[in-house]
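Structure data (mmCIF, N, CA and C atoms) from start20.cif:
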```cif
data_target
#
loop_
_atom_site.label_atom_id
_atom_site.label_comp_id
_atom_site.auth_asym_id
_atom_site.auth_seq_id
_atom_site.Cartn_x
_atom_site.Cartn_y
_atom_site.Cartn_z
N MET H 989 -0.65 -19.99 226.18
CA MET H 989 -0.67 -20.62 224.87
C MET H 989 0.75 -20.72 224.34
N ASN H 990 1.06 -21.88 223.76
CA ASN H 990 2.31 -22.06 223.06
C ASN H 990 1.98 -21.94 221.57
N THR H 991 2.25 -20.79 221.02
CA THR H 991 1.83 -20.47 219.66
C THR H 991 2.45 -21.41 218.62
N LEU H 992 3.72 -21.75 218.79
CA LEU H 992 4.38 -22.60 217.79
C LEU H 992 3.76 -23.99 217.73
N ILE H 993 3.48 -24.57 218.88
CA ILE H 993 2.86 -25.90 218.90
C ILE H 993 1.43 -25.81 218.39
N PHE H 994 0.72 -24.77 218.78
CA PHE H 994 -0.66 -24.61 218.32
C PHE H 994 -0.72 -24.46 216.80
N ILE H 995 0.16 -23.66 216.22
CA ILE H 995 0.20 -23.49 214.76
C ILE H 995 0.57 -24.82 214.10
N SER H 996 1.47 -25.57 214.71
CA SER H 996 1.82 -26.89 214.20
C SER H 996 0.57 -27.77 214.12
N GLY H 997 -0.27 -27.70 215.14
CA GLY H 997 -1.52 -28.46 215.13
C GLY H 997 -2.48 -28.00 214.05
N LEU H 998 -2.56 -26.69 213.84
CA LEU H 998 -3.44 -26.17 212.78
C LEU H 998 -2.96 -26.61 211.40
N ILE H 999 -1.65 -26.57 211.19
CA ILE H 999 -1.10 -27.04 209.91
C ILE H 999 -1.41 -28.53 209.73
N CYS H 1000 -1.39 -29.25 210.83
CA CYS H 1000 -1.70 -30.67 210.78
C CYS H 1000 -3.14 -30.90 210.33
N PHE H 1001 -4.07 -30.11 210.87
CA PHE H 1001 -5.47 -30.21 210.43
C PHE H 1001 -5.60 -29.85 208.94
N MET H 1002 -4.90 -28.80 208.53
CA MET H 1002 -4.94 -28.40 207.13
C MET H 1002 -4.37 -29.52 206.25
N THR H 1003 -3.31 -30.16 206.72
CA THR H 1003 -2.71 -31.27 205.99
C THR H 1003 -3.70 -32.42 205.87
N ALA H 1004 -4.46 -32.67 206.93
CA ALA H 1004 -5.47 -33.73 206.89
C ALA H 1004 -6.50 -33.44 205.80
N LEU H 1005 -6.93 -32.19 205.71
CA LEU H 1005 -7.90 -31.83 204.66
C LEU H 1005 -7.31 -31.98 203.27
N VAL H 1006 -6.11 -31.48 203.09
CA VAL H 1006 -5.44 -31.60 201.79
C VAL H 1006 -5.26 -33.08 201.44
N HIS H 1007 -4.87 -33.86 202.42
CA HIS H 1007 -4.65 -35.28 202.22
C HIS H 1007 -5.94 -35.98 201.82
N LEU H 1008 -7.01 -35.73 202.54
CA LEU H 1008 -8.27 -36.41 202.27
C LEU H 1008 -8.88 -36.00 200.93
N ILE H 1009 -8.82 -34.72 200.62
CA ILE H 1009 -9.43 -34.25 199.37
C ILE H 1009 -8.49 -34.46 198.19
N GLY H 1010 -7.30 -33.90 198.27
CA GLY H 1010 -6.35 -34.01 197.16
C GLY H 1010 -5.85 -35.43 196.94
N GLY H 1011 -5.67 -36.15 198.03
CA GLY H 1011 -5.17 -37.52 197.92
C GLY H 1011 -6.15 -38.46 197.24
N GLN H 1012 -7.44 -38.20 197.43
CA GLN H 1012 -8.44 -39.04 196.76
C GLN H 1012 -8.43 -38.80 195.25
N ILE H 1013 -8.21 -37.55 194.88
CA ILE H 1013 -8.19 -37.20 193.45
C ILE H 1013 -6.93 -37.74 192.78
N ASP H 1014 -5.81 -37.49 193.40
CA ASP H 1014 -4.53 -37.92 192.87
C ASP H 1014 -3.61 -38.19 194.06
N PRO H 1015 -3.21 -39.37 194.32
CA PRO H 1015 -3.05 -40.54 193.48
C PRO H 1015 -4.03 -41.69 193.76
N VAL H 1016 -4.88 -41.60 194.79
CA VAL H 1016 -5.67 -42.77 195.20
C VAL H 1016 -6.65 -43.23 194.13
N ARG H 1017 -7.49 -42.34 193.64
CA ARG H 1017 -8.50 -42.75 192.66
C ARG H 1017 -7.88 -43.39 191.41
N PRO H 1018 -6.87 -42.76 190.80
CA PRO H 1018 -6.26 -43.42 189.62
C PRO H 1018 -5.64 -44.78 189.96
N PHE H 1019 -5.03 -44.86 191.15
CA PHE H 1019 -4.41 -46.12 191.55
C PHE H 1019 -5.47 -47.21 191.72
N LEU H 1020 -6.58 -46.87 192.35
CA LEU H 1020 -7.65 -47.85 192.56
C LEU H 1020 -8.31 -48.26 191.24
N ASN H 1021 -8.26 -47.41 190.24
CA ASN H 1021 -8.82 -47.73 188.93
C ASN H 1021 -7.85 -48.49 188.03
N SER H 1022 -6.65 -48.74 188.53
CA SER H 1022 -5.64 -49.42 187.72
C SER H 1022 -5.93 -50.93 187.67
N ASP H 1023 -5.12 -51.63 186.89
CA ASP H 1023 -5.27 -53.08 186.74
C ASP H 1023 -4.53 -53.87 187.82
N LEU H 1024 -3.99 -53.21 188.77
CA LEU H 1024 -3.27 -53.88 189.85
C LEU H 1024 -4.23 -54.78 190.63
N ALA H 1025 -3.71 -55.85 191.21
CA ALA H 1025 -4.54 -56.78 191.98
C ALA H 1025 -5.19 -56.07 193.17
N ASP H 1026 -6.29 -56.64 193.65
CA ASP H 1026 -7.06 -56.03 194.73
C ASP H 1026 -6.28 -55.93 196.05
N ASN H 1027 -5.43 -56.90 196.35
CA ASN H 1027 -4.70 -56.87 197.62
C ASN H 1027 -3.81 -55.63 197.76
N PRO H 1028 -2.95 -55.32 196.77
CA PRO H 1028 -2.16 -54.09 196.88
C PRO H 1028 -3.03 -52.83 196.92
N LYS H 1029 -4.14 -52.85 196.21
CA LYS H 1029 -5.05 -51.70 196.25
C LYS H 1029 -5.61 -51.52 197.65
N ALA H 1030 -6.01 -52.61 198.29
CA ALA H 1030 -6.57 -52.53 199.63
C ALA H 1030 -5.52 -52.04 200.63
N VAL H 1031 -4.29 -52.52 200.48
CA VAL H 1031 -3.21 -52.09 201.38
C VAL H 1031 -2.96 -50.60 201.22
N LEU H 1032 -2.92 -50.12 199.98
CA LEU H 1032 -2.73 -48.69 199.74
C LEU H 1032 -3.83 -47.88 200.40
N LEU H 1033 -5.07 -48.32 200.24
CA LEU H 1033 -6.19 -47.58 200.81
C LEU H 1033 -6.14 -47.57 202.33
N VAL H 1034 -5.75 -48.69 202.92
CA VAL H 1034 -5.58 -48.74 204.38
C VAL H 1034 -4.50 -47.75 204.81
N CYS H 1035 -3.34 -47.80 204.15
CA CYS H 1035 -2.24 -46.88 204.50
C CYS H 1035 -2.66 -45.43 204.34
N PHE H 1036 -3.39 -45.15 203.29
CA PHE H 1036 -3.87 -43.79 203.05
C PHE H 1036 -4.73 -43.32 204.23
N HIS H 1037 -5.67 -44.16 204.66
CA HIS H 1037 -6.56 -43.75 205.74
C HIS H 1037 -5.90 -43.82 207.11
N VAL H 1038 -4.87 -44.65 207.27
CA VAL H 1038 -4.08 -44.63 208.50
C VAL H 1038 -3.42 -43.26 208.64
N PHE H 1039 -2.85 -42.77 207.54
CA PHE H 1039 -2.25 -41.44 207.60
C PHE H 1039 -3.28 -40.35 207.82
N SER H 1040 -4.46 -40.52 207.27
CA SER H 1040 -5.53 -39.55 207.55
C SER H 1040 -5.80 -39.49 209.06
N ALA H 1041 -5.90 -40.66 209.68
CA ALA H 1041 -6.14 -40.72 211.13
C ALA H 1041 -4.97 -40.12 211.91
N ILE H 1042 -3.74 -40.39 211.45
CA ILE H 1042 -2.56 -39.82 212.12
C ILE H 1042 -2.59 -38.30 212.05
N PHE H 1043 -2.93 -37.76 210.89
CA PHE H 1043 -2.99 -36.30 210.74
C PHE H 1043 -4.03 -35.69 211.67
N VAL H 1044 -5.23 -36.29 211.72
CA VAL H 1044 -6.30 -35.75 212.56
C VAL H 1044 -5.92 -35.87 214.04
N ALA H 1045 -5.44 -37.05 214.46
CA ALA H 1045 -5.07 -37.25 215.86
C ALA H 1045 -3.92 -36.33 216.26
N SER H 1046 -2.94 -36.19 215.38
CA SER H 1046 -1.81 -35.28 215.66
C SER H 1046 -2.28 -33.84 215.76
N GLY H 1047 -3.19 -33.47 214.87
CA GLY H 1047 -3.73 -32.11 214.92
C GLY H 1047 -4.44 -31.84 216.23
N ILE H 1048 -5.21 -32.81 216.70
CA ILE H 1048 -5.91 -32.66 217.98
C ILE H 1048 -4.90 -32.51 219.12
N LEU H 1049 -3.93 -33.42 219.16
CA LEU H 1049 -2.94 -33.39 220.24
C LEU H 1049 -2.13 -32.11 220.24
N LEU H 1050 -1.58 -31.75 219.09
CA LEU H 1050 -0.74 -30.56 219.01
C LEU H 1050 -1.53 -29.28 219.31
N SER H 1051 -2.73 -29.18 218.78
CA SER H 1051 -3.55 -27.99 219.04
C SER H 1051 -3.91 -27.89 220.52
N TYR H 1052 -4.27 -29.00 221.12
CA TYR H 1052 -4.65 -29.01 222.54
C TYR H 1052 -3.47 -28.64 223.43
N VAL H 1053 -2.32 -29.29 223.19
CA VAL H 1053 -1.12 -28.99 223.99
C VAL H 1053 -0.69 -27.54 223.77
N GLY H 1054 -0.76 -27.07 222.53
CA GLY H 1054 -0.38 -25.69 222.24
C GLY H 1054 -1.34 -24.69 222.85
N TRP H 1055 -2.64 -24.94 222.75
CA TRP H 1055 -3.64 -24.00 223.27
C TRP H 1055 -3.53 -23.85 224.78
N TYR H 1056 -3.37 -24.98 225.49
CA TYR H 1056 -3.31 -24.95 226.95
C TYR H 1056 -1.88 -24.92 227.49
N ASN H 1057 -0.90 -24.92 226.60
CA ASN H 1057 0.52 -24.86 226.97
C ASN H 1057 0.85 -25.89 228.05
N ILE H 1058 0.60 -27.15 227.74
CA ILE H 1058 0.79 -28.25 228.69
C ILE H 1058 2.24 -28.73 228.59
N ALA H 1059 3.09 -28.14 229.42
CA ALA H 1059 4.52 -28.43 229.36
C ALA H 1059 4.82 -29.90 229.66
N SER H 1060 3.99 -30.55 230.46
CA SER H 1060 4.23 -31.97 230.77
C SER H 1060 4.06 -32.87 229.55
N SER H 1061 3.49 -32.36 228.49
CA SER H 1061 3.30 -33.13 227.26
C SER H 1061 4.34 -32.80 226.19
N TYR H 1062 5.31 -31.98 226.52
CA TYR H 1062 6.30 -31.56 225.53
C TYR H 1062 7.13 -32.74 225.00
N ASP H 1063 7.36 -33.76 225.83
CA ASP H 1063 8.10 -34.93 225.34
C ASP H 1063 7.33 -35.63 224.23
N VAL H 1064 6.01 -35.73 224.39
CA VAL H 1064 5.17 -36.33 223.36
C VAL H 1064 5.19 -35.47 222.10
N VAL H 1065 5.14 -34.16 222.28
CA VAL H 1065 5.19 -33.23 221.14
C VAL H 1065 6.53 -33.38 220.41
N LEU H 1066 7.62 -33.50 221.16
CA LEU H 1066 8.94 -33.67 220.52
C LEU H 1066 8.99 -34.96 219.72
N PHE H 1067 8.49 -36.04 220.29
CA PHE H 1067 8.49 -37.33 219.59
C PHE H 1067 7.65 -37.25 218.32
N LEU H 1068 6.44 -36.74 218.46
CA LEU H 1068 5.54 -36.63 217.31
C LEU H 1068 6.12 -35.71 216.24
N SER H 1069 6.70 -34.60 216.67
CA SER H 1069 7.29 -33.65 215.73
C SER H 1069 8.49 -34.26 215.01
N ALA H 1070 9.28 -35.04 215.73
CA ALA H 1070 10.41 -35.72 215.08
C ALA H 1070 9.91 -36.68 214.00
N LEU H 1071 8.79 -37.35 214.25
CA LEU H 1071 8.20 -38.22 213.24
C LEU H 1071 7.84 -37.44 211.98
N TYR H 1072 7.28 -36.24 212.16
CA TYR H 1072 6.91 -35.44 210.99
C TYR H 1072 8.13 -34.98 210.20
N VAL H 1073 9.23 -34.69 210.88
CA VAL H 1073 10.46 -34.36 210.18
C VAL H 1073 10.95 -35.58 209.40
N ILE H 1074 10.86 -36.75 210.03
CA ILE H 1074 11.26 -37.99 209.35
C ILE H 1074 10.35 -38.25 208.14
N PHE H 1075 9.04 -38.03 208.30
CA PHE H 1075 8.12 -38.20 207.16
C PHE H 1075 8.55 -37.30 206.00
N ALA H 1076 8.87 -36.06 206.31
CA ALA H 1076 9.29 -35.11 205.26
C ALA H 1076 10.57 -35.59 204.59
N LEU H 1077 11.51 -36.07 205.38
CA LEU H 1077 12.78 -36.55 204.82
C LEU H 1077 12.57 -37.79 203.95
N ILE H 1078 11.63 -38.64 204.33
CA ILE H 1078 11.31 -39.82 203.51
C ILE H 1078 10.77 -39.37 202.15
N PHE H 1079 9.86 -38.40 202.16
CA PHE H 1079 9.33 -37.90 200.89
C PHE H 1079 10.45 -37.30 200.03
N LEU H 1080 11.33 -36.54 200.64
CA LEU H 1080 12.43 -35.95 199.89
C LEU H 1080 13.39 -37.02 199.38
N GLY H 1081 13.69 -38.00 200.21
CA GLY H 1081 14.62 -39.06 199.82
C GLY H 1081 14.09 -39.92 198.69
N ILE H 1082 12.86 -40.38 198.82
CA ILE H 1082 12.26 -41.19 197.76
C ILE H 1082 12.03 -40.35 196.51
N GLY H 1083 11.62 -39.11 196.71
CA GLY H 1083 11.44 -38.22 195.58
C GLY H 1083 12.73 -37.99 194.83
N PHE H 1084 13.82 -37.81 195.58
CA PHE H 1084 15.11 -37.61 194.92
C PHE H 1084 15.52 -38.87 194.15
N TYR H 1085 15.24 -40.03 194.72
CA TYR H 1085 15.58 -41.29 194.05
C TYR H 1085 14.87 -41.40 192.70
N TYR H 1086 13.61 -41.04 192.66
CA TYR H 1086 12.83 -41.17 191.43
C TYR H 1086 12.92 -39.96 190.51
N PHE H 1087 13.01 -38.78 191.08
CA PHE H 1087 12.88 -37.57 190.26
C PHE H 1087 14.09 -36.62 190.33
N ARG H 1088 15.10 -37.01 191.06
CA ARG H 1088 16.27 -36.14 191.30
C ARG H 1088 15.81 -34.81 191.88
N PHE H 1089 16.28 -33.71 191.35
CA PHE H 1089 15.98 -32.42 191.96
C PHE H 1089 14.55 -31.95 191.72
N LYS H 1090 13.84 -32.63 190.83
CA LYS H 1090 12.42 -32.30 190.63
C LYS H 1090 11.57 -32.87 191.77
N ALA H 1091 12.19 -33.58 192.69
CA ALA H 1091 11.46 -34.16 193.83
C ALA H 1091 10.75 -33.08 194.63
N ILE H 1092 11.32 -31.90 194.67
CA ILE H 1092 10.74 -30.80 195.44
C ILE H 1092 9.34 -30.48 194.94
N THR H 1093 9.12 -30.62 193.63
CA THR H 1093 7.80 -30.32 193.08
C THR H 1093 7.00 -31.57 192.74
N GLN H 1094 7.67 -32.69 192.46
CA GLN H 1094 6.96 -33.91 192.11
C GLN H 1094 6.30 -34.56 193.32
N LEU H 1095 6.94 -34.48 194.47
CA LEU H 1095 6.40 -35.00 195.73
C LEU H 1095 6.44 -33.87 196.77
N PRO H 1096 5.54 -32.90 196.64
CA PRO H 1096 5.60 -31.71 197.50
C PRO H 1096 5.04 -31.91 198.91
N HIS H 1097 4.74 -33.12 199.28
CA HIS H 1097 4.13 -33.40 200.59
C HIS H 1097 5.00 -32.89 201.74
N TRP H 1098 6.30 -32.90 201.55
CA TRP H 1098 7.23 -32.46 202.58
C TRP H 1098 7.00 -31.01 202.97
N ILE H 1099 6.40 -30.23 202.07
CA ILE H 1099 6.18 -28.80 202.34
C ILE H 1099 5.21 -28.61 203.51
N LEU H 1100 4.27 -29.51 203.68
CA LEU H 1100 3.35 -29.44 204.83
C LEU H 1100 3.87 -30.23 206.03
N LEU H 1101 4.57 -31.32 205.78
CA LEU H 1101 5.04 -32.16 206.88
C LEU H 1101 6.18 -31.52 207.67
N LEU H 1102 7.12 -30.91 206.98
CA LEU H 1102 8.28 -30.33 207.65
C LEU H 1102 7.91 -29.21 208.63
N PRO H 1103 7.05 -28.26 208.27
CA PRO H 1103 6.69 -27.22 209.24
C PRO H 1103 5.99 -27.77 210.49
N ILE H 1104 5.19 -28.82 210.33
CA ILE H 1104 4.55 -29.42 211.50
C ILE H 1104 5.63 -29.87 212.48
N GLY H 1105 6.61 -30.59 211.97
CA GLY H 1105 7.69 -31.09 212.81
C GLY H 1105 8.57 -30.00 213.38
N VAL H 1106 8.99 -29.08 212.54
CA VAL H 1106 9.91 -28.04 212.99
C VAL H 1106 9.25 -27.11 214.01
N LEU H 1107 8.04 -26.69 213.73
CA LEU H 1107 7.34 -25.81 214.69
C LEU H 1107 7.08 -26.52 216.01
N GLY H 1108 6.70 -27.80 215.93
CA GLY H 1108 6.49 -28.56 217.17
C GLY H 1108 7.76 -28.68 218.00
N ILE H 1109 8.87 -28.98 217.33
CA ILE H 1109 10.15 -29.09 218.03
C ILE H 1109 10.54 -27.75 218.64
N MET H 1110 10.42 -26.68 217.85
CA MET H 1110 10.79 -25.35 218.36
C MET H 1110 9.92 -24.97 219.55
N GLY H 1111 8.63 -25.28 219.48
CA GLY H 1111 7.73 -24.92 220.57
C GLY H 1111 7.96 -25.71 221.84
N ALA H 1112 8.45 -26.94 221.70
CA ALA H 1112 8.65 -27.80 222.87
C ALA H 1112 10.01 -27.64 223.50
N MET H 1113 10.90 -26.89 222.84
CA MET H 1113 12.26 -26.74 223.40
C MET H 1113 12.39 -25.49 224.25
#
```
Re-express the file's structure as structure tokens.
Amino acid sequence: MNTLIFISGLICFMTALVHLIGGQIDPVRPFLNSDLADNPKAVLLVCFHVFSAIFVASGILLSYVGWYNIASSYDVVLFLSALYVIFALIFLGIGFYYFRFKAITQLPHWILLLPIGVLGIMGAM
């Protein structure tokens, strides 16, 4: 077992749950109830569920590779983990643009995304 990759997968599953439950409450439901046109609402909802699928699929892949310690899949783990680090940096960057140093608390998504990436990278190296 590769514990770091496996834990990365578990955090990914936890992130999927937080995303699906918390994301529906805030910001998806209020956004869908807004006066914005239906097309942007539909695009947001698609993007939201695309990320839900990414979280679940990543959780499956990372947990499986970590549990069975499949070294031949470490390149995939590195690529996927790098994406999660990039996702976290995007949240921090956009958050800083809108909220300055309050970005850490206003857009806290990076708190779950960064460990997925860092643990995956550490486990695959």
Practice prompt. For atom N of Pro1103 (chain H) and atom N of Val1031 (chain H), quote the distance in Å rounded to one decimal.
Written response: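 Calculated distance between atom N of Pro1103 (chain H) and atom N of Val1031 (chain H) is 27.9 Å.
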Practice prompt. Check the smallest atom-to-atom distance from each of H:Ile1078, H:Leu1020, H:Leu1033, H:Ser1069 to Ile1104 (chain H) using all atoms listed in the file, then report the winner.
Written response: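 Smallest separation from Ile1104 (chain H) among the options: H:Ser1069.
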Worksheet item: Near region 1040-1046 of chain H, within 8 Å and counting only C-alpha atoms, which residues show up once chain neighbours fewer than 6 positions away are dropped, as number ranges by chain?
Response: H: 997, 1000-1001, 1003-1004, 1007-1008, 1068
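Counting all atoms listed in the file and comparing H:Phe1075, H:Trp1055, H:Phe1089, H:Phe1084, the residue that lies closest to Met989 (chain H) is H:Trp1055.
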Practice prompt. Mind listing the alpha helix (DSSP H) residues of chain H, per DSSP on the backbone, as a PyMOL selection string?
Written response: chain H and resi 991-1011+1017-1020+1026-1056+1062-1087+1091-1094+1098-1112
Practice prompt. Tell me, as a PyMOL selection string, which residues lie within 8 Å of Met1113 (chain H), counting all atoms listed in the file; anything in the same chain fewer than 6 positions away does not count.
Written response: chain H and resi 1062+1066+1107
Discussion item. Using only C-alpha atoms and a cutoff of 12 Å, can you tell me which residues are near (10.8, -25.8, 218.1) in the file's coordinates, and write them out as a list in words?
Written reply: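 Every polymer residue passing the test: Asn990, Thr991, Leu992, Ile993, Phe994, Ile995, Ser996, Gly1054, Tyr1062, Asp1063, Val1065, Leu1066, Phe1067, Ser1069, Ala1070, Val1073, Leu1102, Pro1103, Ile1104, Gly1105, Val1106, Leu1107, Gly1108, Ile1109, Met1110, Gly1111, Ala1112 and Met1113 of chain H.
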Worksheet item: When you draw a straight line from atom C of Tyr1072 (chain H) to CA of Leu1101 (chain H), how long is it in Å?
Response: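 Computing it gives 5.3 Å between the two atoms.
Computed from the coordinates, the CA of Ala1091 (chain H) to CA of Ser1022 (chain H) distance equals 23.7 Å.
With only N, CA and C atoms as the atoms that count, the residue of H:His1037, H:Lys1029, H:Arg1017, H:His1097 with the shortest distance to Leu1080 (chain H) is H:His1097.
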